[in-house]
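Asks: So that you have it, the file is start_35.pdb, and it contains PDB, C-alpha atoms and all ligand atoms:
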ATOM      1  CA  MET A 297     -58.564  42.797 173.380
ATOM      2  CA  TYR A 298     -59.669  46.421 173.754
ATOM      3  CA  ARG A 299     -57.728  49.310 175.322
ATOM      4  CA  ILE A 300     -59.736  52.130 176.787
ATOM      5  CA  SER A 301     -58.732  55.319 178.583
ATOM      6  CA  PRO A 302     -60.287  57.924 180.863
ATOM      7  CA  SER A 303     -61.000  60.102 177.806
ATOM      8  CA  SER A 304     -62.824  57.282 176.008
ATOM      9  CA  ILE A 305     -64.803  56.671 179.214
ATOM     10  CA  ASN A 306     -65.733  60.370 179.262
ATOM     11  CA  LEU A 307     -66.953  59.881 175.700
ATOM     12  CA  MET A 308     -69.062  56.934 176.929
ATOM     13  CA  LEU A 309     -70.664  59.193 179.532
ATOM     14  CA  GLU A 310     -71.533  61.647 176.741
ATOM     15  CA  CYS A 311     -72.763  58.996 174.307
ATOM     16  CA  PRO A 312     -72.442  55.211 174.796
ATOM     17  CA  ARG A 313     -72.930  54.602 171.082
ATOM     18  CA  CYS A 314     -70.030  56.835 170.065
ATOM     19  CA  PHE A 315     -67.778  55.081 172.599
ATOM     20  CA  TRP A 316     -68.902  51.699 171.228
ATOM     21  CA  LEU A 317     -68.328  52.786 167.592
ATOM     22  CA  GLN A 318     -64.909  54.238 168.397
ATOM     23  CA  THR A 319     -63.673  51.238 170.405
ATOM     24  CA  ILE A 320     -65.179  48.326 168.498
ATOM     25  CA  LYS A 321     -65.668  49.600 164.936
ATOM     26  CA  LYS A 322     -62.768  52.121 165.026
ATOM     27  CA  GLU A 323     -65.167  54.789 163.717
ATOM     28  CA  LYS A 324     -64.601  58.223 165.143
ATOM     29  CA  ARG A 325     -67.084  61.071 165.217
ATOM     30  CA  PRO A 326     -66.138  64.154 163.161
ATOM     31  CA  GLU A 327     -63.075  65.835 164.616
ATOM     32  CA  THR A 328     -63.386  69.425 165.788
ATOM     33  CA  PRO A 329     -60.302  71.654 165.645
ATOM     34  CA  PHE A 330     -58.325  71.195 168.851
ATOM     35  CA  PRO A 331     -56.178  74.084 170.064
ATOM     36  CA  SER A 332     -52.510  73.129 170.340
ATOM     37  CA  LEU A 333     -51.791  75.489 173.269
ATOM     38  CA  PRO A 334     -52.740  72.965 176.046
ATOM     39  CA  SER A 335     -50.431  70.225 174.732
ATOM     40  CA  GLY A 336     -47.580  72.737 174.246
ATOM     41  CA  MET A 337     -48.140  73.940 177.809
ATOM     42  CA  ASP A 338     -48.211  70.363 179.158
ATOM     43  CA  LYS A 339     -44.820  69.720 177.601
ATOM     44  CA  ILE A 340     -43.093  72.781 179.052
ATOM     45  CA  LEU A 341     -44.802  72.302 182.417
ATOM     46  CA  LYS A 342     -43.460  68.756 182.667
ATOM     47  CA  GLU A 343     -39.956  70.071 181.942
ATOM     48  CA  HIS A 344     -40.421  72.894 184.480
ATOM     49  CA  PHE A 345     -41.645  70.499 187.207
ATOM     50  CA  ASP A 346     -38.908  67.970 186.452
ATOM     51  CA  ARG A 347     -36.209  70.608 186.998
ATOM     52  CA  PHE A 348     -37.552  71.130 190.530
ATOM     53  CA  MET A 349     -37.996  67.383 191.057
ATOM     54  CA  GLU A 350     -34.251  66.942 190.361
ATOM     55  CA  GLN A 351     -33.510  69.458 193.133
ATOM     56  CA  GLY A 352     -35.972  67.807 195.537
ATOM     57  CA  GLN A 353     -38.136  70.949 195.589
ATOM     58  CA  LEU A 354     -41.654  72.009 194.672
ATOM     59  CA  PRO A 355     -41.979  74.700 191.968
ATOM     60  CA  PRO A 356     -42.847  78.233 193.191
ATOM     61  CA  GLU A 357     -46.525  77.961 192.189
ATOM     62  CA  LEU A 358     -47.008  75.131 194.718
ATOM     63  CA  ARG A 359     -44.857  76.385 197.598
ATOM     64  CA  GLU A 360     -47.561  78.375 199.372
ATOM     65  CA  GLN A 361     -50.271  75.781 198.757
ATOM     66  CA  ASP A 362     -51.745  73.152 201.121
ATOM     67  CA  CYS A 363     -49.783  70.385 199.406
ATOM     68  CA  ALA A 364     -46.509  72.097 200.432
ATOM     69  CA  LYS A 365     -47.767  72.628 203.991
ATOM     70  CA  ASP A 366     -48.676  68.905 204.067
ATOM     71  CA  GLY A 367     -45.068  68.019 203.209
ATOM     72  CA  CYS A 368     -45.767  66.703 199.687
ATOM     73  CA  LYS A 369     -42.819  66.064 197.388
ATOM     74  CA  LEU A 370     -42.690  65.463 193.640
ATOM     75  CA  PHE A 371     -42.608  61.763 192.701
ATOM     76  CA  ASN A 372     -39.040  61.112 191.570
ATOM     77  CA  ASP A 373     -39.006  57.669 189.962
ATOM     78  CA  LYS A 374     -38.045  58.909 186.474
ATOM     79  CA  GLU A 375     -38.469  55.575 184.712
ATOM     80  CA  LYS A 376     -42.010  55.139 186.052
ATOM     81  CA  LEU A 377     -42.865  58.742 185.171
ATOM     82  CA  ARG A 378     -41.627  58.183 181.622
ATOM     83  CA  ILE A 379     -43.980  55.220 181.187
ATOM     84  CA  TRP A 380     -46.904  56.699 183.086
ATOM     85  CA  ARG A 381     -46.764  59.906 181.023
ATOM     86  CA  ASN A 382     -46.716  58.087 177.695
ATOM     87  CA  ASN A 383     -50.128  58.413 176.008
ATOM     88  CA  LEU A 384     -49.738  55.026 174.337
ATOM     89  CA  LYS A 385     -48.921  53.290 177.608
ATOM     90  CA  GLY A 386     -49.639  55.153 180.858
ATOM     91  CA  ILE A 387     -50.690  53.385 184.058
ATOM     92  CA  GLU A 388     -52.357  50.141 182.982
ATOM     93  CA  PHE A 389     -54.725  47.562 184.396
ATOM     94  CA  LEU A 390     -55.960  44.455 182.594
ATOM     95  CA  ASP A 391     -59.394  43.208 183.604
ATOM     96  CA  LYS A 392     -58.713  39.495 183.088
ATOM     97  CA  GLU A 393     -62.360  38.464 182.900
ATOM     98  CA  SER A 394     -63.166  40.729 179.943
ATOM     99  CA  ASN A 395     -59.617  41.018 178.577
ATOM    100  CA  ILE A 396     -60.072  44.797 178.443
ATOM    101  CA  ILE A 397     -57.215  47.123 179.404
ATOM    102  CA  LEU A 398     -57.740  50.467 181.066
ATOM    103  CA  HIS A 399     -54.790  52.833 180.668
ATOM    104  CA  GLY A 400     -54.345  56.468 181.635
ATOM    105  CA  ALA A 401     -51.410  58.860 181.130
ATOM    106  CA  ILE A 402     -50.827  61.246 184.017
ATOM    107  CA  ASP A 403     -49.007  64.593 184.065
ATOM    108  CA  ASN A 404     -47.362  64.338 187.463
ATOM    109  CA  ILE A 405     -47.574  62.783 190.919
ATOM    110  CA  LEU A 406     -47.047  64.161 194.406
ATOM    111  CA  VAL A 407     -46.017  61.932 197.291
ATOM    112  CA  LYS A 408     -47.208  62.433 200.860
ATOM    113  CA  ASP A 409     -45.683  59.906 203.244
ATOM    114  CA  ARG A 410     -46.193  56.718 201.224
ATOM    115  CA  LYS A 411     -49.331  57.856 199.426
ATOM    116  CA  LEU A 412     -49.495  59.086 195.840
ATOM    117  CA  ILE A 413     -51.545  62.114 194.739
ATOM    118  CA  VAL A 414     -52.162  62.701 191.029
ATOM    119  CA  LEU A 415     -51.447  66.246 189.804
ATOM    120  CA  ASP A 416     -52.873  67.195 186.422
ATOM    121  CA  TYR A 417     -52.096  70.438 184.558
ATOM    122  CA  LYS A 418     -54.933  72.240 182.778
ATOM    123  CA  THR A 419     -54.583  75.297 180.540
ATOM    124  CA  ARG A 420     -57.545  77.647 180.266
ATOM    125  CA  GLY A 421     -58.197  80.920 178.415
ATOM    126  CA  TYR A 422     -59.964  82.418 181.446
ATOM    127  CA  PRO A 423     -59.960  82.157 185.251
ATOM    128  CA  VAL A 424     -61.498  78.966 186.580
ATOM    129  CA  LYS A 425     -65.204  78.942 187.442
ATOM    130  CA  GLU A 426     -66.698  77.313 190.545
ATOM    131  CA  ASP A 427     -67.626  74.131 188.686
ATOM    132  CA  THR A 428     -64.829  73.897 186.048
ATOM    133  CA  HIS A 429     -63.206  70.951 187.864
ATOM    134  CA  GLU A 430     -66.358  68.785 187.839
ATOM    135  CA  TYR A 431     -65.734  67.570 184.304
ATOM    136  CA  TYR A 432     -62.464  65.959 185.486
ATOM    137  CA  VAL A 433     -63.754  63.969 188.473
ATOM    138  CA  THR A 434     -64.173  60.728 186.476
ATOM    139  CA  GLN A 435     -60.669  61.061 184.989
ATOM    140  CA  MET A 436     -59.217  61.483 188.495
ATOM    141  CA  ASP A 437     -61.293  58.577 189.926
ATOM    142  CA  LEU A 438     -59.898  56.354 187.159
ATOM    143  CA  TYR A 439     -56.297  57.414 187.820
ATOM    144  CA  ASN A 440     -56.640  56.512 191.488
ATOM    145  CA  PHE A 441     -58.318  53.224 190.563
ATOM    146  CA  LEU A 442     -55.360  52.452 188.245
ATOM    147  CA  LEU A 443     -52.761  53.324 190.887
ATOM    148  CA  ARG A 444     -54.503  51.150 193.492
ATOM    149  CA  LYS A 445     -54.666  48.247 191.030
ATOM    150  CA  ASN A 446     -50.909  48.655 190.571
ATOM    151  CA  ASN A 447     -50.464  48.269 194.339
ATOM    152  CA  TYR A 448     -49.863  51.928 195.193
ATOM    153  CA  GLU A 449     -51.504  53.678 198.101
ATOM    154  CA  THR A 450     -53.313  56.871 197.136
ATOM    155  CA  GLU A 451     -54.834  59.787 199.020
ATOM    156  CA  ASP A 452     -58.598  60.208 198.614
ATOM    157  CA  TYR A 453     -58.043  63.412 196.630
ATOM    158  CA  THR A 454     -56.099  64.621 193.601
ATOM    159  CA  TYR A 455     -55.053  68.066 192.352
ATOM    160  CA  LEU A 456     -55.813  70.008 189.191
ATOM    161  CA  LEU A 457     -53.427  72.888 188.551
ATOM    162  CA  PHE A 458     -54.994  75.432 186.199
ATOM    163  CA  TYR A 459     -52.903  77.955 184.227
ATOM    164  CA  TYR A 460     -54.631  80.913 182.568
ATOM    165  CA  PRO A 461     -53.270  84.109 180.982
ATOM    166  CA  SER A 462     -53.489  87.224 183.157
ATOM    167  CA  ARG A 463     -51.436  89.975 181.427
ATOM    168  CA  ILE A 464     -48.508  90.819 179.140
ATOM    169  CA  ASN A 465     -45.432  92.485 180.564
ATOM    170  CA  GLU A 466     -43.536  95.306 178.840
ATOM    171  CA  THR A 467     -41.239  92.949 176.968
ATOM    172  CA  GLY A 468     -44.174  91.082 175.446
ATOM    173  CA  GLU A 469     -44.164  87.954 177.612
ATOM    174  CA  VAL A 470     -47.552  86.564 178.545
ATOM    175  CA  ILE A 471     -47.896  85.985 182.279
ATOM    176  CA  PHE A 472     -50.086  83.100 183.452
ATOM    177  CA  ASP A 473     -51.833  82.918 186.801
ATOM    178  CA  THR A 474     -52.410  79.578 188.480
ATOM    179  CA  LYS A 475     -55.117  78.025 190.595
ATOM    180  CA  LEU A 476     -54.728  74.722 192.396
ATOM    181  CA  ILE A 477     -57.956  72.796 192.968
ATOM    182  CA  LYS A 478     -58.125  69.806 195.286
ATOM    183  CA  ILE A 479     -60.822  67.345 194.299
ATOM    184  CA  GLU A 480     -62.297  64.497 196.269
ATOM    185  CA  THR A 481     -61.441  61.317 194.366
ATOM    186  CA  ASP A 482     -62.891  57.827 194.731
ATOM    187  CA  PRO A 483     -61.336  54.710 193.121
ATOM    188  CA  ILE A 484     -64.525  52.713 193.785
ATOM    189  CA  ARG A 485     -66.443  55.198 191.626
ATOM    190  CA  GLY A 486     -63.665  54.743 189.038
ATOM    191  CA  GLU A 487     -64.094  50.974 189.133
ATOM    192  CA  LYS A 488     -67.865  51.300 188.666
ATOM    193  CA  VAL A 489     -67.556  53.472 185.578
ATOM    194  CA  PHE A 490     -64.892  51.110 184.158
ATOM    195  CA  LYS A 491     -67.320  48.176 184.678
ATOM    196  CA  GLN A 492     -70.044  50.187 182.935
ATOM    197  CA  ALA A 493     -67.695  50.606 179.949
ATOM    198  CA  ILE A 494     -66.869  46.873 179.952
ATOM    199  CA  ASN A 495     -70.593  45.988 179.940
ATOM    200  CA  ILE A 496     -71.170  48.218 176.918
ATOM    201  CA  LEU A 497     -68.263  46.664 175.025
ATOM    202  CA  LEU A 498     -69.310  43.094 175.835
ATOM    203  CA  SER A 499     -72.972  43.648 175.066
ATOM    204  CA  GLU A 500     -74.243  42.229 171.777
ATOM    205  CA  LYS A 501     -76.539  45.207 171.379
ATOM    206  CA  GLU A 502     -75.442  48.465 169.775
ATOM    207  CA  PRO A 503     -76.039  51.203 172.388
ATOM    208  CA  GLU A 504     -78.376  54.117 171.736
ATOM    209  CA  ALA A 505     -77.040  57.453 170.534
ATOM    210  CA  SER A 506     -77.186  60.542 172.711
ATOM    211  CA  ARG A 507     -80.160  62.803 171.962
ATOM    212  CA  GLU A 508     -78.186  65.967 172.632
ATOM    213  CA  CYS A 509     -75.304  65.323 170.250
ATOM    214  CA  LYS A 510     -74.588  68.148 167.833
ATOM    215  CA  PHE A 511     -72.707  65.823 165.442
ATOM    216  CA  CYS A 512     -75.632  63.493 164.765
ATOM    217  CA  SER A 513     -78.078  66.366 164.543
ATOM    218  CA  LEU A 514     -75.765  68.027 162.016
ATOM    219  CA  LYS A 515     -75.966  64.912 159.845
ATOM    220  CA  ASN A 516     -79.816  64.907 159.798
TER     221      ASN A 516
HETATM  222  S1  LIG B 601     -74.979  60.842 168.832
HETATM  223 FE1  LIG B 601     -73.042  61.956 168.504
HETATM  224  S2  LIG B 601     -71.744  61.165 169.982
HETATM  225 FE2  LIG B 601     -73.392  59.688 169.671
HETATM  226  S3  LIG B 601     -72.882  58.289 168.035
HETATM  227 FE3  LIG B 601     -73.850  59.978 167.101
HETATM  228  S4  LIG B 601     -72.095  61.304 166.586
HETATM  229 FE4  LIG B 601     -71.413  59.970 168.119
END
Would you encode the structure as structure tokens?
Ligand code: SF4
Replies:
Amino acid sequence: MYRISPSSINLMLECPRCFWLQTIKKEKRPETPFPSLPSGMDKILKEHFDRFMEQGQLPPELREQDCAKDGCKLFNDKEKLRIWRNNLKGIEFLDKESNIILHGAIDNILVKDRKLIVLDYKTRGYPVKEDTHEYYVTQMDLYNFLLRKNNYETEDYTYLLFYYPSRINETGEVIFDTKLIKIETDPIRGEKVFKQAINILLSEKEPEASRECKFCSLKN
């Protein structure tokens, strides 16, 4: 039985061979240093959002946004959030035919009427560019696919909430600006890319390596 995640599927889109090696042979490509700021931010943002969830409110950075005008609330099932946020568990779906599990850990969820809307925090060093969100479309498609497979209704969009530093105040605290981006999200597209991953894992043939990969070219 294999367990794959939206980030391993993003790796597949970059290079099917690396995804195959990582999932089947447990061989990872060379690690590059990963800044710890985003995971530290994720942790304090979850705590910050949960304080407002307990009061039945949205945090200030969302109050003037479309999601507030639409009447969205923060999802308040704490037990589900605890599981869905756990990187080792997350929202899961077992494809019984292949015996492959897809699992994805979310940051937060908004609720509009009965429908769920995934909200993911992203930390950046600089203001967001026009196309910054495009890299995350597959991740969001897979989250909505997972929620639908777990019998939840979802909106056909999700939100990315970007935080980036803007200035330092006189007492030395760094102030972050935020930008909320709504992205069109399609669980059918998520299902297709999950099937593509299953086909690679079930194939007897080792997939080809990406031509553009800097890791393999470094080795040659
Ligand atoms: S080309 Fe790069 S990404 Fe693909 S298998 Fe080689 S190291 Fe991995």
Asks: Atom CA of A:Ile405 to atom CA of A:Tyr448: how many Å, to one decimal?
Replies: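 We find that atom CA of A:Ile405 and atom CA of A:Tyr448 lie 11.9 Å from each other.
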Asks: Care to translate the PyMOL selection byres (((chain A and resi 476-491) around 9) and not hetatm) into actual residues of this file, as a PyMOL selection string?
Replies: chain A and resi 302+305+309+357-358+361+398+429-430+433-444+451-459+474-475+492-496
Asks: Give me a file of those residues, with C-alpha atoms, as a compact mmCIF listing (two decimals), in the coordinates of the input.
Replies:
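Listing of part00.txt after writing:
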# COMPACT_ATOMS: atom_id res chain seq x y z
CA PRO A 302 -60.29 57.92 180.86
CA ILE A 305 -64.80 56.67 179.21
CA LEU A 309 -70.66 59.19 179.53
CA GLU A 357 -46.52 77.96 192.19
CA LEU A 358 -47.01 75.13 194.72
CA GLN A 361 -50.27 75.78 198.76
CA LEU A 398 -57.74 50.47 181.07
CA HIS A 429 -63.21 70.95 187.86
CA GLU A 430 -66.36 68.78 187.84
CA VAL A 433 -63.75 63.97 188.47
CA THR A 434 -64.17 60.73 186.48
CA GLN A 435 -60.67 61.06 184.99
CA MET A 436 -59.22 61.48 188.50
CA ASP A 437 -61.29 58.58 189.93
CA LEU A 438 -59.90 56.35 187.16
CA TYR A 439 -56.30 57.41 187.82
CA ASN A 440 -56.64 56.51 191.49
CA PHE A 441 -58.32 53.22 190.56
CA LEU A 442 -55.36 52.45 188.24
CA LEU A 443 -52.76 53.32 190.89
CA ARG A 444 -54.50 51.15 193.49
CA GLU A 451 -54.83 59.79 199.02
CA ASP A 452 -58.60 60.21 198.61
CA TYR A 453 -58.04 63.41 196.63
CA THR A 454 -56.10 64.62 193.60
CA TYR A 455 -55.05 68.07 192.35
CA LEU A 456 -55.81 70.01 189.19
CA LEU A 457 -53.43 72.89 188.55
CA PHE A 458 -54.99 75.43 186.20
CA TYR A 459 -52.90 77.96 184.23
CA THR A 474 -52.41 79.58 188.48
CA LYS A 475 -55.12 78.03 190.60
CA GLN A 492 -70.04 50.19 182.94
CA ALA A 493 -67.69 50.61 179.95
CA ILE A 494 -66.87 46.87 179.95
CA ASN A 495 -70.59 45.99 179.94
CA ILE A 496 -71.17 48.22 176.92
Asks: Using only C-alpha atoms and all ligand atoms, tabulate the residues of chain A lying at most 10 Å from any atom of ligand LIG 601 (chain B), each with its closest atom pair and that distance in Å to one decimal, by chain and increasing residue number, as a Markdown table.
Replies:
| residue | atom | partner | partner_atom | distance |
| --- | --- | --- | --- | --- |
| A:Leu307 | CA | B:LIG601 | S2 | 7.6 |
| A:Met308 | CA | B:LIG601 | S2 | 8.6 |
| A:Leu309 | CA | B:LIG601 | S2 | 9.8 |
| A:Glu310 | CA | B:LIG601 | S2 | 6.8 |
| A:Cys311 | CA | B:LIG601 | FE2 | 4.7 |
| A:Pro312 | CA | B:LIG601 | FE2 | 6.9 |
| A:Arg313 | CA | B:LIG601 | S3 | 4.8 |
| A:Cys314 | CA | B:LIG601 | S3 | 3.8 |
| A:Phe315 | CA | B:LIG601 | S3 | 7.6 |
| A:Trp316 | CA | B:LIG601 | S3 | 8.3 |
| A:Leu317 | CA | B:LIG601 | S3 | 7.2 |
| A:Gln318 | CA | B:LIG601 | FE4 | 8.7 |
| A:Glu323 | CA | B:LIG601 | FE4 | 9.2 |
| A:Lys324 | CA | B:LIG601 | FE4 | 7.6 |
| A:Arg325 | CA | B:LIG601 | S4 | 5.2 |
| A:Pro326 | CA | B:LIG601 | S4 | 7.4 |
| A:Pro503 | CA | B:LIG601 | S3 | 8.9 |
| A:Glu504 | CA | B:LIG601 | FE2 | 7.8 |
| A:Ala505 | CA | B:LIG601 | S1 | 4.3 |
| A:Ser506 | CA | B:LIG601 | S1 | 4.5 |
| A:Arg507 | CA | B:LIG601 | S1 | 6.4 |
| A:Glu508 | CA | B:LIG601 | S1 | 7.1 |
| A:Cys509 | CA | B:LIG601 | FE1 | 4.4 |
| A:Lys510 | CA | B:LIG601 | FE1 | 6.4 |
| A:Phe511 | CA | B:LIG601 | S4 | 4.7 |
| A:Cys512 | CA | B:LIG601 | S4 | 4.5 |
| A:Ser513 | CA | B:LIG601 | S1 | 7.6 |
| A:Leu514 | CA | B:LIG601 | S4 | 8.9 |
| A:Lys515 | CA | B:LIG601 | S4 | 8.6 |
Asks: Could you please take those selected residues and save C-alpha atoms as a PDB file, in the coordinates of the input?
Replies:
ATOM      1  CA  LEU A 307     -66.953  59.881 175.700  1.00  0.00           C
ATOM      2  CA  MET A 308     -69.062  56.934 176.929  1.00  0.00           C
ATOM      3  CA  LEU A 309     -70.664  59.193 179.532  1.00  0.00           C
ATOM      4  CA  GLU A 310     -71.533  61.647 176.741  1.00  0.00           C
ATOM      5  CA  CYS A 311     -72.763  58.996 174.307  1.00  0.00           C
ATOM      6  CA  PRO A 312     -72.442  55.211 174.796  1.00  0.00           C
ATOM      7  CA  ARG A 313     -72.930  54.602 171.082  1.00  0.00           C
ATOM      8  CA  CYS A 314     -70.030  56.835 170.065  1.00  0.00           C
ATOM      9  CA  PHE A 315     -67.778  55.081 172.599  1.00  0.00           C
ATOM     10  CA  TRP A 316     -68.902  51.699 171.228  1.00  0.00           C
ATOM     11  CA  LEU A 317     -68.328  52.786 167.592  1.00  0.00           C
ATOM     12  CA  GLN A 318     -64.909  54.238 168.397  1.00  0.00           C
ATOM     13  CA  GLU A 323     -65.167  54.789 163.717  1.00  0.00           C
ATOM     14  CA  LYS A 324     -64.601  58.223 165.143  1.00  0.00           C
ATOM     15  CA  ARG A 325     -67.084  61.071 165.217  1.00  0.00           C
ATOM     16  CA  PRO A 326     -66.138  64.154 163.161  1.00  0.00           C
ATOM     17  CA  PRO A 503     -76.039  51.203 172.388  1.00  0.00           C
ATOM     18  CA  GLU A 504     -78.376  54.117 171.736  1.00  0.00           C
ATOM     19  CA  ALA A 505     -77.040  57.453 170.534  1.00  0.00           C
ATOM     20  CA  SER A 506     -77.186  60.542 172.711  1.00  0.00           C
ATOM     21  CA  ARG A 507     -80.160  62.803 171.962  1.00  0.00           C
ATOM     22  CA  GLU A 508     -78.186  65.967 172.632  1.00  0.00           C
ATOM     23  CA  CYS A 509     -75.304  65.323 170.250  1.00  0.00           C
ATOM     24  CA  LYS A 510     -74.588  68.148 167.833  1.00  0.00           C
ATOM     25  CA  PHE A 511     -72.707  65.823 165.442  1.00  0.00           C
ATOM     26  CA  CYS A 512     -75.632  63.493 164.765  1.00  0.00           C
ATOM     27  CA  SER A 513     -78.078  66.366 164.543  1.00  0.00           C
ATOM     28  CA  LEU A 514     -75.765  68.027 162.016  1.00  0.00           C
ATOM     29  CA  LYS A 515     -75.966  64.912 159.845  1.00  0.00           C
TER      30      LYS A 515
END
Asks: What's the separation between atom CA of A:Tyr417 and atom CA of A:Gly468, in Å to one decimal place?
Replies: 23.9 Å
Asks: To one decimal place, how far is atom CA of A:Cys363 from atom CA of A:Phe389 in Å?
Replies: 27.8 Å
Asks: What's the 9 Å shell around A:Asn404, counting all atoms listed in the file, without same-chain residues fewer than 2 positions away, as JSON, numbers by chain?
Replies: {"A": [342, 345, 370, 371, 377, 380, 381, 402, 406, 413, 414, 415, 416, 417]}
Asks: Expand the PyMOL selection byres (((chain A and resi 411) around 7) and not hetatm) into the individual residues it matches in the shown file, reporting them as a list in words.
Replies: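 Checked against the file, the PyMOL selection byres (((chain A and resi 411) around 7) and not hetatm) matches Val407, Lys408, Asp409, Arg410, Leu412, Ile413, Glu449, Thr450 and Glu451 of chain A.
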Asks: Pick the closest to A:Ser304 from A:Thr319, A:Ser462, A:Asn382, A:Asn395: which is it, counting only C-alpha atoms?
Replies: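 Of A:Thr319, A:Ser462, A:Asn382, A:Asn395, the one nearest A:Ser304 is A:Thr319, counting only C-alpha atoms.
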Asks: Can you work out which one of A:Asn372, A:Thr419, A:Asn447, A:Gln353 has the shortest atom-to-atom distance to A:Asp338, counting all atoms listed in the file?
Replies: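 Answer, going by the shortest atom-to-atom distance: A:Thr419.
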Asks: Which is closest to A:Leu333 among A:Thr467, A:Asp346, A:His399, A:Lys418, if we use all atoms listed in the file?
Replies: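 Closest to A:Leu333, using all atoms listed in the file: A:Lys418.
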